[in-house]
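Below is one structure; the comments refer to it alone.
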Amino acid sequence: HLGAAHGSKSMASATSEMPTVLIMGATCVDRILSVAAYPLQDEKIRTTHNVDMSGGNAANVAAALALLSTCTYARQHGESSASSSSNPSQQQRAGAAVRVVLLTKVGDDDAAVRLKADLESKGVDCSSRLFVMQPNTTTSITTVIASE
């Protein structure tokens with residue numbers, strides 16, 4: 001079944017024939033702030049490093065599954081790259097063992113655009129209407145303060 005889906009068939013038929021895993025839940029920006037030590041009450045300190053990354057339980061699971069699925073398929077078929085498609089999301093899915101679809105809701109802001117692009121680059125299918133970019137809302141941000 002998987003070998004046939006990767007053969008001469010079109011991208012649309014290949015993704016419709018492969019098994020689909022639907023992941024439902026939160027997608028957000030994880031903002032990680034590093035500090036030398038946690039502040040005392042009412043003390044102000046500066047961060048030593050900060051980074052924003054894709055987060056949320058569902059988004060993390062979907063990204064990990066899509067990446068693992070692509071690696072597994074490539075190993076089983078002796079391939080180093082999945083396809084010549086210029087779209088990274090289609091390229092990832094073309095050489096994947098399963099199609100990973102994310103059901104989630106984010107805002108319609110720049111953070112959502114970055115999250116969607118990051119997830120698609122890892123092979124998560126965000127093209128369906130199940131990936132909702134809600135107008136006039138912002139994407140959730142989770143802030144984590146980590147002591148070095």
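Just so we're on the same page: first chain in the structure tokens is A, next is B, and so on; residues restart at 1 for each chain, and ligands are numbered from 1 in the order they show up.
Taking only C-alpha atoms, the non-local environment of region 101-115 of chain A within 6 Å (same-chain residues fewer than 5 positions away omitted) comprises Leu22, Ile23, Met24, Gly25, Ser54, Asp125, Leu130, Phe131, Val132, Met133, Gln134, Pro135, Thr137, Thr138 and Thr139 of chain A.
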Report summary line: With distances taken over only C-alpha atoms, the candidate from A:Ala97, A:Ala146, A:Ala66, A:Ile141 nearest Val124 (chain A) is A:Ala66
Please identify all polymer residues within 9 Å of Asn57 (chain A), counting only C-alpha atoms, omitting same-chain residues fewer than 5 positions from it, and present them as a PDB file with N, CA, C and O atoms, in the first residue's frame.
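The resulting file, part14.pdb, is shown below:
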ATOM      1  N   GLY A  25      -5.999  19.554  19.595  1.00  0.00           N
ATOM      2  CA  GLY A  25      -5.602  20.206  20.832  1.00  0.00           C
ATOM      3  C   GLY A  25      -4.911  21.539  20.614  1.00  0.00           C
ATOM      4  O   GLY A  25      -5.017  22.154  19.558  1.00  0.00           O
ATOM      5  N   ALA A  26      -4.163  21.930  21.634  1.00  0.00           N
ATOM      6  CA  ALA A  26      -3.575  23.265  21.692  1.00  0.00           C
ATOM      7  C   ALA A  26      -2.355  23.438  20.799  1.00  0.00           C
ATOM      8  O   ALA A  26      -1.532  22.539  20.655  1.00  0.00           O
ATOM      9  N   THR A  27      -2.278  24.618  20.220  1.00  0.00           N
ATOM     10  CA  THR A  27      -1.100  25.089  19.491  1.00  0.00           C
ATOM     11  C   THR A  27      -0.823  26.494  20.002  1.00  0.00           C
ATOM     12  O   THR A  27      -1.732  27.328  20.053  1.00  0.00           O
ATOM     13  N   CYS A  28       0.402  26.753  20.390  1.00  0.00           N
ATOM     14  CA  CYS A  28       0.738  28.073  20.913  1.00  0.00           C
ATOM     15  C   CYS A  28       2.210  28.364  20.658  1.00  0.00           C
ATOM     16  O   CYS A  28       2.941  27.530  20.148  1.00  0.00           O
ATOM     17  N   ALA A  62       2.009  16.382  16.920  1.00  0.00           N
ATOM     18  CA  ALA A  62       1.846  16.326  15.466  1.00  0.00           C
ATOM     19  C   ALA A  62       3.194  16.472  14.754  1.00  0.00           C
ATOM     20  O   ALA A  62       3.494  15.730  13.814  1.00  0.00           O
TER      21      ALA A  62
END
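Here CA of Thr143 (chain A) is placed at a distance of 11.7 Å from CA of Gly56 (chain A).
Coordinates place CA of Thr70 (chain A) at a distance of 16.3 Å from CA of Cys126 (chain A).
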Query - Proximity to Arg31 (chain A) - best of A:Lys122, A:Lys44, A:Lys116, A:His49, only C-alpha atoms - result: A:His49
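Our summary of the geometry notes that CA of Val21 (chain A) is positioned 6.9 Å from CA of Val98 (chain A).
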Query raised in the report: Mind checking DSSP for region 89-123 of chain A and telling me the strand (DSSP E) residues as a VMD selection string?
Result: chain A and resid 99 to 106
